[in-house]
Number of protein chains: 2
Amino acid sequence: MPTSTVEQYIKTIYQQEERCAHDIVPMKQLSEAMGVTPGTATAMVKHLAERKLIRYEPRKGVRLTAGGRELALIMVRRHRLIETFLENVLGYDLSEVHEDAEQLEHAVSDKFIERIDAYLGFPPADPHGDPIPSAEGHIARRDSVPLDHCETGDSIRVARLRNDDPAFLLLMKEQRLTPGEVFVVIDKNETAGTMTVQHNARTRKTNTPFTISMGNSTRIMVEPTGEQ
Amino acid sequence: MPTSTVEQYIKTIYQQEERCAHDIVPMKQLSEAMGVTPGTATAMVKHLAERKLIRYEPRKGVRLTAGGRELALIMVRRHRLIETFLENVLGYDLSEVHEDAEQLEHAVSDKFIERIDAYLGFPPADPHGDPIPSAEGHIARRDSVPLDHCETGDSIRVARLRNDDPAFLLLMKEQRLTPGEVFVVIDKNETAGTMTVQHNARTRKTNTPFTISMGNSTRIMVEPTGEQ
DNA sequence: GATATAATTTTGATTAATCAAAATATATTA
DNA sequence: TAATATATTTTGATTAATCAAAATTATATC
Ligand SMILES: [Mn+2]
Ligand SMILES: [Mn+2]
Ligand SMILES: [Mn+2]
Ligand SMILES: [Mn+2]
């Protein structure tokens, strides 16, 4: 049985592989993502390699083995189902779900997770819009693009918010920039490094435009609505 | 912040104090209840005494301080609310709730517990009939007696099942000997060391009597129905 | 290409939790 | 009371996870 520390390292390596074009993950990146000193990460990485959960290339970095990916997807499934439960059932705010899920994911049994899944009606995605892997380890690939790839006039739907910072998520909630919501890009100012979007709601009169930095907009994944 | 090991020791000491007429808990009893060697328990007990969670009398045993009792009641509250959630919401069997609660109680946040409490409608007792302490650490005292204190002819209601063994609980469920159910003692055989009870249901025809050993009957806490 | 900078690994130490087995104290029994 | 049994503590060792700081290697810069 993996310890919760091992679980957390493996999940983190998976996430870093996703972020950086599924290349090898360097030690600095891993140690920073784990919040430990580089030496600690090196020691753990050797242990994970012995356990055959990763392949470790000294002085280069690490990547998951098939077995490591399997464990990572189990952890991602747990995390996302727990987040969905916290928001949908217990009424947590979007900005609060991550912190608690980060702990609970290491304490729940398979039985618990499968029952939660059924209770929620087998949701395809978590509150951030991230797809929930199946119990067998299959994960849906959804082709969304970062908001900064869009142009003025584009009609878009928010797909995922790839940032766990509560302050960021609180702001997104305030501006209704949450998964499923439809917007139009009304301005893209490369010089200023900002994008301005406007909510498409017909039920509200106050569709005040909202301006966001280009940096933050890379964390908002969107897909075209198909409408012009 | 106490580690989950510290939490578990404190909760266990509380339970052993309850069992044995709130006297001092000897080291052997503690080490057996924790499933560790006596030396391990001695080392931990010194640590808990430094933390002012217990008072430790060498060669005698331990007892909780006010602070220790406070932590213990927090853990008991968590455990019982989680058990209630697992049975009432996720459909766990009575015999399955304990194992998962034993892990989850160390991973949940205060926010999680208060939301679960509200979601369940502030239940007074868990599925075993054990009272749930309030968030402020108050616990209801219910004066129930062990089944073996009853006499032939007594009409009784099951209050609590003080045994976490899944096999025992499975049997109790089968015989409908669960909290709230009403029975009549139809025989008490001191020589054979058995008691026989019969379910009071009017909706069923098959009220076959059920015989249980005196030893097991001490784990079934009951209260008189008031009817003759 | 030599040197400065950055990343990585190694070394030595620490903390929490545990066990096995030896030592000691207490309780029971003859 | 003396001998025996039981409970408890002590000692020495182990495992997992971590840090600080020194040593090493790779990368970038001049
Ligand atoms: Mn985690
Ligand atoms: Mn998420
Ligand atoms: Mn526990
Ligand atoms: Mn219970």
# chains A, B, ... in the order shown; residues from 1 in each chain; ligands from 1
>>> residues_near_ligand(ligand="ligand 2", cutoff="6 Å", atoms="only C-alpha atoms (C1' of nucleotides) and all ligand atoms", output="ChimeraX atom specification")
/A:80,126,128,130
>>> closest_atom_pairs(of="chain B", to="ligand 3", cutoff="9 Å", atoms="only C-alpha atoms and all ligand atoms", output="Markdown table")
| residue | atom | partner | partner_atom_place_in_ligand_line | distance |
| --- | --- | --- | --- | --- |
| B:Ser4 | CA | ligand 3 | 1 (Mn) | 7.4 |
| B:Thr5 | CA | ligand 3 | 1 (Mn) | 8.1 |
| B:Glu7 | CA | ligand 3 | 1 (Mn) | 7.5 |
| B:Gln8 | CA | ligand 3 | 1 (Mn) | 5.2 |
| B:Tyr9 | CA | ligand 3 | 1 (Mn) | 8.8 |
| B:Lys11 | CA | ligand 3 | 1 (Mn) | 8.1 |
| B:Thr12 | CA | ligand 3 | 1 (Mn) | 8.9 |
| B:Met75 | CA | ligand 3 | 1 (Mn) | 8.2 |
| B:His79 | CA | ligand 3 | 1 (Mn) | 7.8 |
| B:Glu99 | CA | ligand 3 | 1 (Mn) | 8.5 |
| B:Asp100 | CA | ligand 3 | 1 (Mn) | 8.8 |
| B:Ala101 | CA | ligand 3 | 1 (Mn) | 7.0 |
| B:Glu102 | CA | ligand 3 | 1 (Mn) | 3.6 |
| B:Gln103 | CA | ligand 3 | 1 (Mn) | 5.0 |
| B:Leu104 | CA | ligand 3 | 1 (Mn) | 7.3 |
| B:Glu105 | CA | ligand 3 | 1 (Mn) | 6.0 |
| B:His106 | CA | ligand 3 | 1 (Mn) | 6.2 |
>>> select_by_dssp(residues="range 95-158 of chain A", states="alpha helix (DSSP H)", output="list in words")
Val97, His98, Glu99, Asp100, Ala101, Glu102, Gln103, Leu104, Asp110, Lys111, Phe112, Ile113, Glu114, Arg115, Ile116, Asp117, Ala118 and Tyr119 of chain A
>>> interface_residues(of="chain D", to="chain A", cutoff="12 Å", atoms="only C-alpha atoms (C1' of nucleotides)", output="PyMOL selection string")
chain D and resi 16-21+24-26
>>> closest_residue(among="B:Ala118, B:Ile10, B:Cys20, B:Met34", to="chain A", atoms="only C-alpha atoms")
B:Ala118
>>> closest_atom_pairs(of="chain B", to="chain A", cutoff="12 Å", atoms="only C-alpha atoms", output="Markdown table")
| residue | atom | partner | partner_atom | distance |
| --- | --- | --- | --- | --- |
| B:Ser4 | CA | A:Ala107 | CA | 11.3 |
| B:Ile82 | CA | A:Phe112 | CA | 11.5 |
| B:Glu83 | CA | A:Phe112 | CA | 11.8 |
| B:Phe85 | CA | A:Phe112 | CA | 11.1 |
| B:Leu86 | CA | A:Phe112 | CA | 8.3 |
| B:Glu87 | CA | A:Arg115 | CA | 11.1 |
| B:Asn88 | CA | A:Tyr119 | CA | 11.9 |
| B:Val89 | CA | A:Tyr119 | CA | 8.4 |
| B:Leu90 | CA | A:Arg115 | CA | 6.0 |
| B:Gly91 | CA | A:Arg115 | CA | 8.1 |
| B:Tyr92 | CA | A:Arg115 | CA | 8.8 |
| B:Asp93 | CA | A:Lys111 | CA | 11.7 |
| B:Glu96 | CA | A:Lys111 | CA | 10.1 |
| B:Val97 | CA | A:Phe112 | CA | 10.1 |
| B:Glu99 | CA | A:Ser109 | CA | 9.6 |
| B:Asp100 | CA | A:Ser109 | CA | 6.9 |
| B:Ala101 | CA | A:Val108 | CA | 9.2 |
| B:Glu102 | CA | A:Ala107 | CA | 9.6 |
| B:Gln103 | CA | A:Ala107 | CA | 5.9 |
| B:Leu104 | CA | A:Ala107 | CA | 5.6 |
| B:Glu105 | CA | A:Ala107 | CA | 8.9 |
| B:His106 | CA | A:Ala107 | CA | 8.1 |
| B:Ala107 | CA | A:Leu104 | CA | 5.6 |
| B:Val108 | CA | A:Leu104 | CA | 6.6 |
| B:Ser109 | CA | A:Asp100 | CA | 6.9 |
| B:Asp110 | CA | A:Asp100 | CA | 10.1 |
| B:Lys111 | CA | A:Asp100 | CA | 9.0 |
| B:Phe112 | CA | A:Leu90 | CA | 7.9 |
| B:Ile113 | CA | A:Leu90 | CA | 10.0 |
| B:Glu114 | CA | A:Leu90 | CA | 9.7 |
| B:Arg115 | CA | A:Leu90 | CA | 6.0 |
| B:Ile116 | CA | A:Leu90 | CA | 7.0 |
| B:Asp117 | CA | A:Leu90 | CA | 10.0 |
| B:Ala118 | CA | A:Leu90 | CA | 8.9 |
| B:Tyr119 | CA | A:Leu90 | CA | 7.1 |
| B:Leu120 | CA | A:Leu90 | CA | 10.5 |
>>> write_last_selection(atoms="C-alpha atoms", output="mmCIF file, in the first residue's frame")
data_model
loop_
_atom_site.group_PDB
_atom_site.id
_atom_site.type_symbol
_atom_site.label_atom_id
_atom_site.label_comp_id
_atom_site.auth_asym_id
_atom_site.auth_seq_id
_atom_site.Cartn_x
_atom_site.Cartn_y
_atom_site.Cartn_z
ATOM 1 C CA SER B 4 -3.600 11.199 13.512
ATOM 2 C CA ILE B 82 -19.199 10.057 9.597
ATOM 3 C CA GLU B 83 -20.757 6.695 10.469
ATOM 4 C CA PHE B 85 -23.446 9.754 6.923
ATOM 5 C CA LEU B 86 -22.097 6.482 5.552
ATOM 6 C CA GLU B 87 -25.244 4.586 6.554
ATOM 7 C CA ASN B 88 -27.948 7.182 5.951
ATOM 8 C CA VAL B 89 -26.631 8.795 2.789
ATOM 9 C CA LEU B 90 -24.251 6.370 1.088
ATOM 10 C CA GLY B 91 -26.182 3.224 2.056
ATOM 11 C CA TYR B 92 -23.395 1.425 3.922
ATOM 12 C CA ASP B 93 -24.427 -1.530 6.046
ATOM 13 C CA GLU B 96 -19.337 -1.596 7.374
ATOM 14 C CA VAL B 97 -19.435 1.962 8.720
ATOM 15 C CA GLU B 99 -13.856 0.700 9.340
ATOM 16 C CA ASP B 100 -14.129 3.647 6.956
ATOM 17 C CA ALA B 101 -14.991 6.111 9.741
ATOM 18 C CA GLU B 102 -11.846 5.038 11.586
ATOM 19 C CA GLN B 103 -9.729 6.481 8.738
ATOM 20 C CA LEU B 104 -11.859 9.433 7.659
ATOM 21 C CA GLU B 105 -12.142 10.901 11.162
ATOM 22 C CA HIS B 106 -8.464 11.908 10.942
ATOM 23 C CA ALA B 107 -8.751 13.575 7.527
ATOM 24 C CA VAL B 108 -11.901 15.694 7.728
ATOM 25 C CA SER B 109 -11.926 19.427 8.455
ATOM 26 C CA ASP B 110 -14.190 21.170 10.956
ATOM 27 C CA LYS B 111 -16.023 22.728 8.033
ATOM 28 C CA PHE B 112 -16.682 19.289 6.549
ATOM 29 C CA ILE B 113 -18.043 17.931 9.828
ATOM 30 C CA GLU B 114 -20.354 20.889 10.471
ATOM 31 C CA ARG B 115 -21.750 20.653 6.932
ATOM 32 C CA ILE B 116 -22.296 16.900 7.261
ATOM 33 C CA ASP B 117 -24.063 17.502 10.580
ATOM 34 C CA ALA B 118 -26.429 20.008 8.942
ATOM 35 C CA TYR B 119 -26.953 17.781 5.886
ATOM 36 C CA LEU B 120 -28.002 14.917 8.168
#
>>> interface_residues(of="chain C", to="chain A", cutoff="9 Å", atoms="only C-alpha atoms (C1' of nucleotides)", output="ChimeraX atom specification")
/C:7-10
>>> residues_around(residues="DA2 in chain D", least_positions_apart="2", cutoff="12 Å", atoms="only C-alpha atoms (C1' of nucleotides)", output="PyMOL selection string")
(chain C and resi 29-30) or (chain D and resi 4)
>>> closest_residue(among="A:Ala72, A:Met1, A:Ala201, A:Leu147", to="ligand 1", atoms="only C-alpha atoms and all ligand atoms")
A:Ala72
>>> residues_around(residues="Glu223 in chain A", least_positions_apart="6", cutoff="10 Å", atoms="only C-alpha atoms (C1' of nucleotides)", output="ChimeraX atom specification")
/A:142-147,150,154-160,180,182
>>> residues_around(residues="Val185 in chain A", least_positions_apart="6", cutoff="6 Å", atoms="only C-alpha atoms (C1' of nucleotides)", output="list in words")
Thr152, Gly153, Asp154 and Val197 of chain A
>>> write_last_selection(atoms="C-alpha atoms", output="PDB file, in the first residue's frame")
ATOM      1  CA  THR A 152     -11.983  39.642 -30.496  1.00  0.00           C
ATOM      2  CA  GLY A 153     -15.501  38.626 -31.484  1.00  0.00           C
ATOM      3  CA  ASP A 154     -15.141  34.942 -30.592  1.00  0.00           C
ATOM      4  CA  VAL A 197     -14.981  39.450 -22.088  1.00  0.00           C
TER       5      VAL A 197
END
>>> residues_around(residues="range 204-216 of chain A", least_positions_apart="5", cutoff="7 Å", atoms="only C-alpha atoms (C1' of nucleotides)", output="number ranges by chain")
A: 148, 193-199
>>> residues_around(residues="Arg141 in chain A", least_positions_apart="3", cutoff="12 Å", atoms="only C-alpha atoms (C1' of nucleotides)", output="PDB file with N, CA, C and O atoms, in the first residue's frame")
ATOM      1  N   GLU A  18       1.374  16.767 -17.296  1.00  0.00           N
ATOM      2  CA  GLU A  18       0.281  17.365 -18.069  1.00  0.00           C
ATOM      3  C   GLU A  18       0.617  18.804 -18.452  1.00  0.00           C
ATOM      4  O   GLU A  18       0.496  19.198 -19.599  1.00  0.00           O
ATOM      5  N   PRO A 124     -19.424  13.683 -15.179  1.00  0.00           N
ATOM      6  CA  PRO A 124     -18.278  13.586 -16.096  1.00  0.00           C
ATOM      7  C   PRO A 124     -17.125  14.510 -15.713  1.00  0.00           C
ATOM      8  O   PRO A 124     -15.993  14.245 -16.090  1.00  0.00           O
ATOM      9  N   ALA A 125     -17.421  15.583 -14.970  1.00  0.00           N
ATOM     10  CA  ALA A 125     -16.372  16.554 -14.652  1.00  0.00           C
ATOM     11  C   ALA A 125     -16.573  17.130 -13.259  1.00  0.00           C
ATOM     12  O   ALA A 125     -17.671  17.104 -12.708  1.00  0.00           O
ATOM     13  N   GLY A 129     -14.366  21.905 -13.948  1.00  0.00           N
ATOM     14  CA  GLY A 129     -14.508  21.505 -15.338  1.00  0.00           C
ATOM     15  C   GLY A 129     -13.530  20.413 -15.741  1.00  0.00           C
ATOM     16  O   GLY A 129     -13.478  20.006 -16.899  1.00  0.00           O
ATOM     17  N   ASP A 130     -12.743  19.903 -14.789  1.00  0.00           N
ATOM     18  CA  ASP A 130     -11.765  18.865 -15.110  1.00  0.00           C
ATOM     19  C   ASP A 130     -12.435  17.498 -15.189  1.00  0.00           C
ATOM     20  O   ASP A 130     -13.221  17.138 -14.305  1.00  0.00           O
ATOM     21  N   PRO A 131     -12.135  16.725 -16.233  1.00  0.00           N
ATOM     22  CA  PRO A 131     -12.794  15.420 -16.415  1.00  0.00           C
ATOM     23  C   PRO A 131     -12.436  14.446 -15.310  1.00  0.00           C
ATOM     24  O   PRO A 131     -11.299  14.423 -14.833  1.00  0.00           O
ATOM     25  N   ILE A 132     -13.411  13.636 -14.894  1.00  0.00           N
ATOM     26  CA  ILE A 132     -13.194  12.657 -13.836  1.00  0.00           C
ATOM     27  C   ILE A 132     -12.847  11.310 -14.465  1.00  0.00           C
ATOM     28  O   ILE A 132     -13.647  10.767 -15.227  1.00  0.00           O
ATOM     29  N   PRO A 133     -11.655  10.769 -14.174  1.00  0.00           N
ATOM     30  CA  PRO A 133     -11.288   9.459 -14.731  1.00  0.00           C
ATOM     31  C   PRO A 133     -12.264   8.383 -14.260  1.00  0.00           C
ATOM     32  O   PRO A 133     -12.803   8.479 -13.160  1.00  0.00           O
ATOM     33  N   HIS A 138      -9.768   5.378 -17.292  1.00  0.00           N
ATOM     34  CA  HIS A 138      -9.915   6.100 -18.559  1.00  0.00           C
ATOM     35  C   HIS A 138     -10.273   7.546 -18.267  1.00  0.00           C
ATOM     36  O   HIS A 138     -11.111   7.811 -17.406  1.00  0.00           O
ATOM     37  N   SER A 144     -10.094  21.814 -25.344  1.00  0.00           N
ATOM     38  CA  SER A 144     -10.349  23.229 -25.079  1.00  0.00           C
ATOM     39  C   SER A 144      -9.032  23.989 -25.247  1.00  0.00           C
ATOM     40  O   SER A 144      -7.959  23.388 -25.231  1.00  0.00           O
ATOM     41  N   ALA A 159     -14.656  26.030 -20.265  1.00  0.00           N
ATOM     42  CA  ALA A 159     -14.561  24.578 -20.103  1.00  0.00           C
ATOM     43  C   ALA A 159     -13.921  24.190 -18.757  1.00  0.00           C
ATOM     44  O   ALA A 159     -14.452  23.358 -18.024  1.00  0.00           O
TER      45      ALA A 159
END
>>> atom_distance(atom1="CA of His98 in chain A", atom2="CA of Ile220 in chain A")
16.9 Å
>>> select_by_dssp(residues="chain A", states="strand (DSSP E or B)", output="PyMOL selection string")
chain A and resi 25+54-57+61-64+125+131+145-146+155-161+182-189+194-199+210-213+220-224
>>> atom_distance(atom1="C1' of DT18 in chain C", atom2="CA of His47 in chain A")
20.4 Å
>>> closest_residue(among="B:Val222, B:Ala135, B:Leu94, B:Ile186", to="ligand 4", atoms="only C-alpha atoms and all ligand atoms")
B:Leu94
>>> decode(residues="range 118-217 of chain A", atoms="C-alpha atoms", output="mmCIF file, in the first residue's frame")
data_model
loop_
_atom_site.group_PDB
_atom_site.id
_atom_site.type_symbol
_atom_site.label_atom_id
_atom_site.label_comp_id
_atom_site.auth_asym_id
_atom_site.auth_seq_id
_atom_site.Cartn_x
_atom_site.Cartn_y
_atom_site.Cartn_z
ATOM 1 C CA ALA A 118 -23.252 6.791 -7.775
ATOM 2 C CA TYR A 119 -24.766 9.304 -5.336
ATOM 3 C CA LEU A 120 -23.648 12.163 -7.594
ATOM 4 C CA GLY A 121 -25.065 10.411 -10.664
ATOM 5 C CA PHE A 122 -21.693 9.610 -12.263
ATOM 6 C CA PRO A 123 -20.625 13.176 -13.079
ATOM 7 C CA PRO A 124 -18.278 13.586 -16.096
ATOM 8 C CA ALA A 125 -16.372 16.554 -14.652
ATOM 9 C CA ASP A 126 -15.557 18.269 -11.345
ATOM 10 C CA PRO A 127 -16.519 21.854 -10.400
ATOM 11 C CA HIS A 128 -13.398 23.215 -12.123
ATOM 12 C CA GLY A 129 -14.508 21.505 -15.338
ATOM 13 C CA ASP A 130 -11.765 18.865 -15.110
ATOM 14 C CA PRO A 131 -12.794 15.420 -16.415
ATOM 15 C CA ILE A 132 -13.194 12.657 -13.836
ATOM 16 C CA PRO A 133 -11.288 9.459 -14.731
ATOM 17 C CA SER A 134 -13.339 6.253 -14.696
ATOM 18 C CA ALA A 135 -12.713 3.552 -12.080
ATOM 19 C CA GLU A 136 -10.781 1.715 -14.810
ATOM 20 C CA GLY A 137 -8.465 4.673 -15.333
ATOM 21 C CA HIS A 138 -9.915 6.100 -18.559
ATOM 22 C CA ILE A 139 -9.962 9.867 -18.810
ATOM 23 C CA ALA A 140 -11.840 11.901 -21.404
ATOM 24 C CA ARG A 141 -9.730 14.218 -23.524
ATOM 25 C CA ARG A 142 -11.564 17.462 -24.152
ATOM 26 C CA ASP A 143 -10.037 19.819 -26.673
ATOM 27 C CA SER A 144 -10.349 23.229 -25.079
ATOM 28 C CA VAL A 145 -7.934 26.130 -25.591
ATOM 29 C CA PRO A 146 -6.653 28.814 -23.225
ATOM 30 C CA LEU A 147 -8.641 32.053 -23.395
ATOM 31 C CA ASP A 148 -5.590 33.986 -24.650
ATOM 32 C CA HIS A 149 -5.697 31.968 -27.886
ATOM 33 C CA CYS A 150 -9.071 33.551 -28.743
ATOM 34 C CA GLU A 151 -9.637 36.677 -30.791
ATOM 35 C CA THR A 152 -11.983 39.642 -30.496
ATOM 36 C CA GLY A 153 -15.501 38.626 -31.484
ATOM 37 C CA ASP A 154 -15.141 34.942 -30.592
ATOM 38 C CA SER A 155 -18.111 33.375 -28.827
ATOM 39 C CA ILE A 156 -16.848 30.921 -26.227
ATOM 40 C CA ARG A 157 -17.921 28.606 -23.431
ATOM 41 C CA VAL A 158 -15.781 28.189 -20.290
ATOM 42 C CA ALA A 159 -14.561 24.578 -20.103
ATOM 43 C CA ARG A 160 -12.067 24.439 -17.223
ATOM 44 C CA LEU A 161 -10.362 26.659 -14.667
ATOM 45 C CA ARG A 162 -6.801 25.374 -14.339
ATOM 46 C CA ASN A 163 -5.813 27.114 -11.129
ATOM 47 C CA ASP A 164 -6.457 26.067 -7.563
ATOM 48 C CA ASP A 165 -5.738 29.461 -6.003
ATOM 49 C CA PRO A 166 -8.844 30.336 -3.939
ATOM 50 C CA ALA A 167 -8.528 34.085 -4.631
ATOM 51 C CA PHE A 168 -8.496 33.447 -8.390
ATOM 52 C CA LEU A 169 -11.485 31.108 -8.175
ATOM 53 C CA LEU A 170 -13.417 33.550 -5.997
ATOM 54 C CA LEU A 171 -12.930 36.231 -8.646
ATOM 55 C CA MET A 172 -14.007 33.851 -11.433
ATOM 56 C CA LYS A 173 -17.164 32.999 -9.493
ATOM 57 C CA GLU A 174 -17.934 36.702 -8.972
ATOM 58 C CA GLN A 175 -17.620 37.328 -12.703
ATOM 59 C CA ARG A 176 -19.594 34.155 -13.545
ATOM 60 C CA LEU A 177 -16.539 32.856 -15.430
ATOM 61 C CA THR A 178 -17.269 29.272 -14.364
ATOM 62 C CA PRO A 179 -17.459 26.056 -16.447
ATOM 63 C CA GLY A 180 -20.455 26.050 -18.804
ATOM 64 C CA GLU A 181 -20.925 29.831 -18.915
ATOM 65 C CA VAL A 182 -20.950 31.529 -22.332
ATOM 66 C CA PHE A 183 -19.022 34.722 -23.144
ATOM 67 C CA VAL A 184 -17.952 36.900 -26.033
ATOM 68 C CA VAL A 185 -14.440 38.270 -26.366
ATOM 69 C CA ILE A 186 -15.015 42.007 -26.819
ATOM 70 C CA ASP A 187 -11.386 43.082 -26.727
ATOM 71 C CA LYS A 188 -7.891 41.655 -26.871
ATOM 72 C CA ASN A 189 -5.158 44.180 -26.164
ATOM 73 C CA GLU A 190 -1.748 42.598 -26.742
ATOM 74 C CA THR A 191 0.050 45.811 -25.805
ATOM 75 C CA ALA A 192 -1.689 46.192 -22.457
ATOM 76 C CA GLY A 193 -1.571 42.429 -21.926
ATOM 77 C CA THR A 194 -5.296 42.185 -21.191
ATOM 78 C CA MET A 195 -8.454 40.573 -22.529
ATOM 79 C CA THR A 196 -12.001 41.778 -21.993
ATOM 80 C CA VAL A 197 -14.981 39.450 -22.088
ATOM 81 C CA GLN A 198 -18.714 39.946 -21.675
ATOM 82 C CA HIS A 199 -21.223 37.455 -20.316
ATOM 83 C CA ASN A 200 -23.896 36.295 -22.722
ATOM 84 C CA ALA A 201 -26.775 36.014 -20.262
ATOM 85 C CA ARG A 202 -30.169 37.095 -21.564
ATOM 86 C CA THR A 203 -31.746 36.878 -18.122
ATOM 87 C CA ARG A 204 -29.638 39.700 -16.728
ATOM 88 C CA LYS A 205 -29.304 43.299 -17.735
ATOM 89 C CA THR A 206 -25.958 43.947 -16.054
ATOM 90 C CA ASN A 207 -23.575 42.325 -18.487
ATOM 91 C CA THR A 208 -20.723 44.565 -17.500
ATOM 92 C CA PRO A 209 -17.517 43.635 -19.363
ATOM 93 C CA PHE A 210 -14.689 42.093 -17.375
ATOM 94 C CA THR A 211 -11.012 42.612 -18.050
ATOM 95 C CA ILE A 212 -8.379 40.054 -17.110
ATOM 96 C CA SER A 213 -4.611 39.875 -17.518
ATOM 97 C CA MET A 214 -3.179 37.729 -20.298
ATOM 98 C CA GLY A 215 -1.347 35.693 -17.648
ATOM 99 C CA ASN A 216 -4.519 34.764 -15.840
ATOM 100 C CA SER A 217 -6.354 34.121 -19.085
#
